[in-house]
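Asker: Structure supplied as data-v7.txt; contents: compact mmCIF, C-alpha atoms.
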```
# COMPACT_ATOMS: atom_id res chain seq x y z
CA MET H 26 21.68 -0.02 4.37
CA LYS H 27 24.08 -2.22 2.43
CA LEU H 28 27.14 -0.29 1.39
CA ARG H 29 29.50 -0.54 -1.55
CA LEU H 30 33.18 0.21 -1.83
CA GLY H 31 32.35 3.05 -4.19
CA SER H 32 30.59 4.87 -1.33
CA VAL H 33 33.93 5.65 0.33
CA PRO H 34 35.37 8.99 -0.93
CA PRO H 35 38.65 8.66 -2.89
CA SER H 36 40.39 11.10 -0.56
CA VAL H 37 39.57 8.89 2.40
CA CYS H 38 40.78 5.78 0.56
CA CYS H 39 44.11 7.49 -0.17
CA ALA H 40 44.52 8.48 3.45
CA LEU H 41 43.90 4.88 4.53
CA LEU H 42 46.01 3.00 1.97
CA GLY H 43 48.64 2.23 4.55
CA LEU H 44 46.05 0.77 6.90
CA SER H 45 44.91 -2.04 4.61
CA ALA H 46 48.26 -3.82 4.69
CA ALA H 47 48.47 -3.50 8.46
CA ALA H 48 44.93 -4.79 8.91
CA ASN H 49 45.73 -7.89 6.85
CA GLY H 50 48.74 -8.72 8.98
CA GLU H 51 47.39 -7.88 12.42
CA GLN H 52 43.84 -8.54 13.67
CA SER H 53 42.32 -8.44 10.16
CA ALA H 54 38.83 -9.03 11.58
CA GLN H 55 39.09 -5.85 13.67
CA PRO H 56 39.97 -2.64 11.81
CA ALA H 57 42.40 -0.36 13.66
CA LEU H 58 42.82 3.35 12.95
CA SER H 59 45.11 6.03 14.26
CA GLY H 60 43.75 9.38 15.33
CA GLU H 61 44.77 10.93 12.01
CA GLN H 62 43.09 8.15 10.05
CA GLN H 63 39.90 8.50 12.08
CA ARG H 64 39.75 12.20 11.33
CA ALA H 65 40.39 11.57 7.62
CA ALA H 66 37.61 8.98 7.53
CA GLY H 67 35.19 11.17 9.45
CA ILE H 68 34.69 8.58 12.18
CA VAL H 69 32.23 9.74 14.84
CA VAL H 70 31.29 7.62 17.87
CA ALA H 71 28.50 7.89 20.42
CA HIS H 72 26.63 5.87 23.00
CA PRO H 73 23.24 4.34 22.06
CA ILE H 74 20.25 6.03 23.68
CA ALA H 75 17.65 4.01 25.57
CA ALA H 76 14.23 4.65 24.04
CA GLN H 77 10.72 3.26 23.84
CA ALA H 78 8.93 2.98 20.50
CA PRO H 79 5.37 4.31 20.22
CA GLU H 80 2.68 1.68 20.04
CA ARG H 81 0.52 3.46 17.45
CA ILE H 82 1.67 3.77 13.82
CA GLU H 83 -0.43 5.64 11.26
CA ALA H 84 -1.01 3.90 7.91
CA LEU H 85 -3.09 4.20 4.74
CA GLY H 86 -5.45 1.30 4.09
CA LEU H 87 -6.73 -0.08 0.78
CA VAL H 88 -9.56 -2.63 0.72
CA LEU H 89 -8.46 -5.50 -1.52
CA ASP H 90 -10.53 -7.18 -4.22
CA THR H 91 -11.16 -10.79 -3.16
CA THR H 92 -11.73 -11.85 -6.77
CA ALA H 93 -7.96 -11.50 -7.21
CA LEU H 94 -7.50 -13.82 -4.23
CA ILE H 95 -9.94 -16.35 -5.71
CA SER H 96 -8.15 -16.19 -9.07
CA ASP H 97 -4.69 -16.67 -7.56
CA LEU H 98 -5.94 -19.44 -5.31
CA GLY H 99 -7.61 -21.17 -8.27
CA ASP H 100 -4.42 -20.95 -10.32
CA THR H 101 -2.45 -22.50 -7.48
CA THR H 102 -4.97 -25.30 -6.94
CA ALA H 103 -5.20 -26.10 -10.67
CA ALA H 104 -1.43 -26.05 -11.10
CA ASP H 105 -0.97 -28.36 -8.11
CA ALA H 106 -3.56 -30.78 -9.47
CA ALA H 107 -1.90 -30.77 -12.90
CA GLU H 108 1.50 -31.42 -11.32
CA ARG H 109 0.14 -34.35 -9.29
CA ALA H 110 -1.57 -35.82 -12.36
CA GLY H 111 1.60 -35.43 -14.42
CA SER H 112 3.69 -37.10 -11.74
CA ALA H 113 1.24 -39.99 -11.44
CA GLU H 114 1.18 -40.48 -15.23
CA LEU H 115 4.96 -40.40 -15.40
CA ALA H 116 5.23 -42.98 -12.64
CA ARG H 117 2.70 -45.22 -14.45
CA LEU H 118 4.55 -45.01 -17.77
CA ARG H 119 7.88 -45.66 -16.11
CA ALA H 120 6.52 -48.81 -14.55
CA LEU H 121 5.08 -49.99 -17.87
CA TYR H 122 8.30 -49.15 -19.73
CA ALA H 123 10.39 -51.04 -17.18
CA GLY H 124 8.06 -54.05 -17.50
CA GLY H 125 8.17 -53.99 -21.31
CA ALA H 126 4.43 -53.40 -21.57
CA GLY H 127 4.41 -51.61 -24.91
CA VAL H 128 5.41 -48.09 -23.74
CA SER H 129 8.01 -46.54 -26.01
CA LEU H 130 10.91 -44.39 -24.90
CA LYS H 131 9.41 -41.50 -26.86
CA MET H 132 6.17 -41.74 -24.86
CA LEU H 133 8.14 -41.80 -21.61
CA GLU H 134 10.20 -38.76 -22.59
CA ALA H 135 7.05 -36.87 -23.58
CA ALA H 136 5.53 -37.65 -20.17
CA GLN H 137 8.71 -36.44 -18.46
CA ALA H 138 8.52 -33.16 -20.37
CA GLU H 139 4.86 -32.68 -19.45
CA GLN H 140 5.57 -33.43 -15.82
CA ALA H 141 8.47 -30.95 -15.75
CA LYS H 142 6.25 -28.29 -17.35
CA ALA H 143 3.45 -28.92 -14.85
CA GLN H 144 5.92 -28.77 -11.97
CA ALA H 145 7.31 -25.45 -13.18
CA GLN H 146 3.80 -24.02 -13.53
CA ALA H 147 2.89 -25.20 -10.01
CA GLN H 148 6.02 -23.56 -8.58
CA ALA H 149 5.28 -20.32 -10.44
CA ALA H 150 1.67 -20.27 -9.19
CA ALA H 151 2.80 -20.92 -5.62
CA SER H 152 5.40 -18.14 -5.89
CA ARG H 153 2.80 -15.68 -7.19
CA PHE H 154 0.41 -16.56 -4.38
CA GLY H 155 3.17 -16.17 -1.81
CA LEU H 156 4.20 -12.81 -3.26
CA ARG H 157 0.67 -11.39 -3.30
CA TRP H 158 -0.81 -13.16 -0.28
CA GLY H 159 2.21 -14.20 1.80
CA PRO H 160 0.59 -13.87 5.25
CA LEU H 161 -2.29 -16.10 4.14
CA ALA H 162 0.10 -18.68 2.68
CA ALA H 163 1.98 -18.75 5.99
CA LEU H 164 -1.14 -19.59 8.03
CA PRO H 165 -1.88 -23.19 9.06
CA ALA H 166 -4.11 -24.91 6.51
CA GLU H 167 -7.28 -24.78 8.64
CA ALA H 168 -6.82 -21.14 9.64
CA ARG H 169 -5.98 -20.18 6.04
CA GLN H 170 -9.10 -21.86 4.69
CA LYS H 171 -11.26 -20.21 7.34
CA THR H 172 -9.86 -16.76 6.55
CA ILE H 173 -10.27 -17.22 2.80
CA GLN H 174 -13.85 -18.44 3.14
CA ALA H 175 -14.74 -15.49 5.38
CA SER H 176 -13.27 -12.94 2.96
CA THR H 177 -14.75 -14.47 -0.20
CA SER H 178 -18.20 -14.82 1.38
CA GLY H 179 -18.25 -11.20 2.52
CA ARG H 180 -18.13 -11.92 6.26
CA SER H 181 -14.79 -10.08 6.44
CA LEU H 182 -12.62 -7.80 4.34
CA LEU H 183 -8.94 -8.02 3.53
CA LEU H 184 -7.13 -4.71 3.63
CA ARG H 185 -3.61 -3.63 2.77
CA ALA H 186 -2.18 -1.04 5.16
CA ASP H 187 0.79 0.90 3.78
CA LEU H 188 3.22 2.67 6.09
CA PRO H 189 4.40 5.71 4.06
CA GLY H 190 8.11 6.36 4.19
CA ARG H 191 9.00 2.84 5.31
CA HIS H 192 10.31 -0.13 3.37
CA SER H 193 10.66 -2.43 6.39
CA PHE H 194 8.81 -3.21 9.59
CA GLY H 195 10.90 -4.66 12.38
CA ALA H 196 8.40 -5.24 15.17
CA PRO H 197 5.45 -7.58 14.56
CA ALA H 198 2.12 -5.78 14.82
CA SER H 199 -0.68 -7.33 16.84
CA LYS H 200 -3.82 -5.44 15.84
CA ALA H 201 -5.13 -2.53 13.83
CA MET H 202 -7.95 -0.02 13.96
CA VAL H 203 -9.64 1.09 10.74
CA ASP H 204 -11.29 4.52 10.64
CA VAL H 205 -14.54 4.24 8.67
CA ASP H 206 -16.40 7.57 8.68
CA GLY H 207 -15.21 8.22 12.22
CA ILE H 208 -16.09 4.74 13.44
CA GLN H 209 -13.16 2.74 14.81
CA VAL H 210 -13.39 -0.78 13.37
CA PRO H 211 -10.95 -3.37 14.78
CA GLY H 212 -8.81 -5.49 12.47
CA ARG H 213 -6.38 -8.37 12.83
CA VAL H 214 -2.87 -8.03 11.37
CA LEU H 215 -2.02 -11.21 9.45
CA GLY H 216 1.54 -10.26 8.49
CA ILE H 217 3.82 -8.34 6.15
CA LEU H 218 3.10 -8.37 2.40
CA ARG H 219 6.05 -8.99 0.09
CA GLU H 220 4.63 -7.17 -2.92
CA THR H 221 5.17 -3.39 -3.14
CA THR H 222 2.62 -1.02 -4.67
CA GLU H 223 3.00 2.39 -6.31
CA LEU H 224 3.17 3.88 -2.81
CA GLN H 225 6.63 2.31 -2.44
CA SER H 226 6.18 1.38 1.22
CA VAL H 227 5.95 -1.69 3.38
CA GLY H 228 2.44 -3.14 3.52
CA LEU H 229 0.58 -5.19 6.11
CA LEU H 230 -2.31 -7.56 5.35
CA ILE H 231 -5.20 -6.95 7.72
CA GLU H 232 -8.43 -8.90 8.16
CA VAL H 233 -11.45 -6.80 9.12
CA PRO H 234 -14.37 -8.95 10.34
CA ASN H 235 -17.92 -7.66 10.01
CA ALA H 236 -16.93 -4.44 8.27
CA PRO H 237 -19.59 -1.70 7.90
CA GLY H 238 -21.78 -2.01 4.84
CA GLY H 239 -20.64 -0.08 1.80
CA LEU H 240 -16.94 -0.49 2.52
CA GLY H 241 -15.74 -2.38 -0.54
CA PRO H 242 -12.76 -3.09 -2.80
CA GLY H 243 -10.77 -0.02 -3.78
CA ALA H 244 -11.82 2.05 -0.75
CA ARG H 245 -8.99 3.93 0.96
CA VAL H 246 -9.29 4.49 4.69
CA PRO H 247 -7.00 5.65 7.52
CA VAL H 248 -5.58 2.82 9.61
CA ALA H 249 -3.78 2.82 12.95
CA VAL H 250 -1.46 -0.16 13.46
CA PHE H 251 -0.70 -1.13 17.03
CA ALA H 252 2.64 -2.84 17.48
CA ALA H 253 3.75 -4.54 20.66
CA GLU H 254 5.47 -2.06 22.97
CA ARG H 255 9.17 -2.01 22.20
CA LYS H 256 12.05 -0.88 24.38
CA GLY H 257 15.55 -0.82 22.99
CA LEU H 258 18.51 1.34 22.12
CA LEU H 259 18.27 4.06 19.51
CA LEU H 260 20.96 4.39 16.84
CA PRO H 261 21.06 6.67 13.78
CA ARG H 262 20.68 5.07 10.37
CA ASP H 263 24.30 5.86 9.46
CA ALA H 264 25.46 3.52 12.22
CA LEU H 265 23.77 0.48 10.68
CA LEU H 266 25.15 -1.81 8.00
CA TYR H 267 23.60 -4.92 6.51
CA ASP H 268 24.93 -8.11 4.92
CA GLU H 269 23.77 -11.69 4.38
CA ASN H 270 23.91 -12.31 8.14
CA GLY H 271 21.70 -9.36 9.04
CA ALA H 272 22.22 -5.93 10.57
CA TYR H 273 25.34 -4.96 12.47
CA VAL H 274 27.22 -1.95 13.81
CA TYR H 275 30.85 -1.19 14.57
CA LYS H 276 31.72 -0.93 18.25
CA GLN H 277 34.88 0.70 19.52
CA LEU H 278 36.89 -1.86 21.46
CA SER H 279 39.76 0.32 22.64
CA LYS H 280 40.91 3.91 22.35
CA GLU H 281 44.21 4.94 20.84
CA THR H 282 47.15 4.65 23.20
CA GLN H 283 50.86 5.05 22.66
CA GLY H 284 51.82 2.61 19.91
CA GLN H 285 48.30 1.18 19.63
CA LYS H 286 45.55 2.29 17.26
CA THR H 287 41.86 2.45 18.07
CA ARG H 288 40.26 -0.92 17.34
CA TYR H 289 36.72 -1.61 16.16
CA ALA H 290 34.65 -4.79 15.86
CA ALA H 291 31.45 -5.58 13.99
CA VAL H 292 28.62 -6.50 16.37
CA LYS H 293 25.37 -8.05 15.18
CA VAL H 294 22.18 -6.24 16.21
CA ARG H 295 18.49 -6.97 15.87
CA LEU H 296 16.34 -4.31 14.22
CA LEU H 297 13.19 -3.69 16.23
CA LEU H 298 11.49 -0.66 14.73
CA ALA H 299 12.27 2.40 12.64
CA TYR H 300 12.00 5.38 14.97
CA GLY H 301 12.46 8.96 13.80
CA ASP H 302 15.74 9.24 11.90
CA GLY H 303 17.10 6.02 13.36
CA TRP H 304 16.33 2.49 14.43
CA LEU H 305 15.49 0.91 17.75
CA VAL H 306 17.79 -2.12 18.14
CA GLU H 307 18.88 -4.90 20.46
CA GLY H 308 22.42 -6.29 20.71
CA VAL H 309 24.37 -3.38 22.15
CA ASP H 310 24.46 -1.72 25.59
CA ASP H 311 23.95 1.92 26.43
CA ASP H 312 27.56 2.15 27.63
CA ASP H 313 28.98 0.83 24.34
CA THR H 314 30.79 3.24 22.05
CA VAL H 315 29.32 2.79 18.57
CA VAL H 316 30.44 4.30 15.27
CA VAL H 317 27.55 6.53 14.19
CA HIS H 318 29.28 8.10 11.19
CA GLY H 319 31.97 6.66 8.93
CA ALA H 320 31.07 2.98 9.44
CA GLY H 321 31.33 2.47 5.67
CA VAL H 322 35.08 3.13 5.82
CA LEU H 323 35.55 0.37 8.41
CA TRP H 324 33.43 -1.91 6.23
CA SER H 325 35.58 -1.19 3.18
CA LEU H 326 38.75 -2.11 5.07
CA GLN H 327 37.37 -5.59 5.68
CA GLY H 328 36.17 -6.15 2.11
CA VAL H 329 32.58 -6.81 1.14
CA GLY H 330 30.61 -7.63 4.30
CA ALA H 331 31.99 -7.93 7.81
CA GLN H 332 33.01 -10.69 10.17
CA GLN H 333 30.50 -10.18 12.93
CA SER H 334 31.61 -10.85 16.49
CA PRO H 335 29.42 -11.37 19.54
CA ASP H 336 28.87 -8.47 21.88
CA ASP H 337 31.06 -9.55 24.79
CA ASP H 338 31.32 -6.21 26.58
CA ASP H 339 34.97 -5.71 25.65
```
Give the structure from the file, written as structure tokens.
Answerer:
Amino acid sequence: MKLRLGSVPPSVCCALLGLSAAANGEQSAQPALSGEQQRAAGIVVAHPIAAQAPERIEALGLVLDTTALISDLGDTTAADAAERAGSAELARLRALYAGGAGVSLKMLEAAQAEQAKAQAQAQAAASRFGLRWGPLAALPAEARQKTIQASTSGRSLLLRADLPGRHSFGAPASKAMVDVDGIQVPGRVLGILRETTELQSVGLLIEVPNAPGGLGPGARVPVAVFAAERKGLLLPRDALLYDENGAYVYKQLSKETQGQKTRYAAVKVRLLLAYGDGWLVEGVDDDDTVVVHGAGVLWSLQGVGAQQSPDDDD
């Protein structure tokens, strides 16, 4: 959803050259276009549509190999232990060096290098674990240990559920149902996985307690993910832009009058759930007039990114 200046057609840029100077001198945070400029830029506006997202989302599940979890967890534990040992040794040598107890500067520098290496390895191991098992890493220590023990002992399975065609998942899911030979087996959604597979889709980590016998690593099964019911306002994808502050849209503040151009302001929105060809969002009202086509031109007039303003029902 993030746009670049190069996405604006040259013909549109030429038609709007005169606008840039005016925008810099007058209300630079709110682009203003005349009727002719709007037509040249292809600006189209519409009102958001109130909608309710479906609770059930179909996904493709893959049972994960817990030996990979054990390996990654072992690497993290070993790296942490090595980092703690290196830090303790460095502190001991520093104290001896400061007290003149026969520790040379060379020994101290070698200990510093080893400690830095151990620290880097611990950070790398933690990053790998977070990338591959982020929802587990985010759990409280006791809950994380309980989940890991259950999965490694065979009392539960960990499953990755991919949502084909999606690279994001706005609404948190609460539960899942795994279809095993026609039997509906309940699962618990632990969170969104950061690592992408060859399916190129967003993945959810699901714990399946007491799975049927024979269901093991590598098995692919249909999964239904049940998200909390969501009500919001539906906007097409072309209406949405994204920068370091999150998603936003351009709202029309005023229509063109004699001597005054149509003004627009960037309004921050919260993405709830991808729905059809658009997104269900919060942050705008159903009586707002939102730019649903040509928002990239307004973005380009303000430079990279946009100065988002609160939705104050102008």
Asker: Could you check how far atom CA of H:Val250 sits from atom CA of H:Glu83, in Å to one decimal?
Answerer: 6.3 Å
Asker: Could you please determine the separation between atom CA of H:Thr222 and atom CA of H:Ala84 in Å, to one decimal place?
Answerer: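 Computing it gives 14.0 Å between the two atoms.
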Asker: Kindly indicate which residue among H:Pro234, H:Gly125, H:Gly179, H:Gly216 lies nearest to H:Ala163, using all atoms listed in the file for the distances.
Answerer: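 Selected residue with least distance to H:Ala163: H:Gly216.
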Asker: I'd like to know which of H:Val315, H:Leu58, H:Ala66, H:Leu260 is closest to H:Leu298, using all atoms listed in the file.
Answerer: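 Result for the nearest residue to H:Leu298: H:Leu260.
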Asker: Between atom CA of H:Ala123 and atom CA of H:Glu108, what is the distance, to one decimal in Å?
Answerer: 22.3 Å
Asker: When distances are computed from all atoms listed in the file, which of H:Leu85, H:Leu118, H:Ala147, H:Leu259 shows the smallest separation from H:Asp105?
Answerer: H:Ala147
Asker: Nearest residue to H:Glu80 out of H:Ser199, H:Gln137, H:Gln225, H:Ser279, using only C-alpha atoms?
Answerer: H:Ser199
Asker: Please provide as a PyMOL selection string all residues within 9 Å of H:Ile173, with the sequence filter that same-chain residues fewer than 6 positions apart are discarded (counting only C-alpha atoms).
Answerer: chain H and resi 91+94-95+161
Asker: Counting only C-alpha atoms, which residue out of H:Pro160, H:Gly319, H:Gly111, H:Gly257 sits closest to H:Val214?
Answerer: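 Closest residue, counting only C-alpha atoms: H:Pro160.
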Asker: Centre and edge lengths, as JSON, for the axis-aligned box enclosing every listed atom of stretch 307-319 of chain H with 4 Å of padding on each of the six sides, in Å to one decimal?
Answerer:
```
{"center_x": 25.4, "center_y": 0.9, "center_z": 18.3, "size_x": 21.1, "size_y": 22.4, "size_z": 26.7}
```
Asker: Which is closest to H:Val317 among H:Ala175, H:Ala201, H:Leu133, H:Ile74, if we use all atoms listed in the file?
Answerer: H:Ile74
Asker: Could you name the residues that touch H:Leu240 at 8 Å or less, counting only C-alpha atoms, but leaving out those on the same chain fewer than 4 positions away, as a PyMOL selection string?
Answerer: chain H and resi 88+236+244
Asker: Print the selection's residues with C-alpha atoms to a file, as a CSV table (one decimal), in the frame of the given file.
Answerer:
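Output below, filename selection39.csv:
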```csv
chain,number,residue,atom,x,y,z
H,88,VAL,CA,-9.6,-2.6,0.7
H,236,ALA,CA,-16.9,-4.4,8.3
H,244,ALA,CA,-11.8,2.0,-0.8
```
Asker: Within 7 Å of H:Arg213, counting all atoms listed in the file, which residues show up once you throw out same-chain ones fewer than 4 positions away? Write them as a list in words, please.
Answerer: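 Once the nearby chain positions are removed, what remains is Lys200, Ala201, Ile231, Glu232 and Val233 of chain H.
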Asker: I'd like the neighbourhood of H:Ser226 as a VMD selection string, where a residue qualifies if any of its atoms comes within 10 Å (using only C-alpha atoms), though same-chain residues fewer than 4 positions away should be ignored.
Answerer: chain H and resid 186 to 194 220 to 222
Asker: Selection from above, C-alpha atoms, as a CSV table (one decimal), in the frame of the given file, can you write it?
Answerer:
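Result went into result.csv, see below:
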```csv
chain,number,residue,atom,x,y,z
H,186,ALA,CA,-2.2,-1.0,5.2
H,187,ASP,CA,0.8,0.9,3.8
H,188,LEU,CA,3.2,2.7,6.1
H,189,PRO,CA,4.4,5.7,4.1
H,190,GLY,CA,8.1,6.4,4.2
H,191,ARG,CA,9.0,2.8,5.3
H,192,HIS,CA,10.3,-0.1,3.4
H,193,SER,CA,10.7,-2.4,6.4
H,194,PHE,CA,8.8,-3.2,9.6
H,220,GLU,CA,4.6,-7.2,-2.9
H,221,THR,CA,5.2,-3.4,-3.1
H,222,THR,CA,2.6,-1.0,-4.7
```
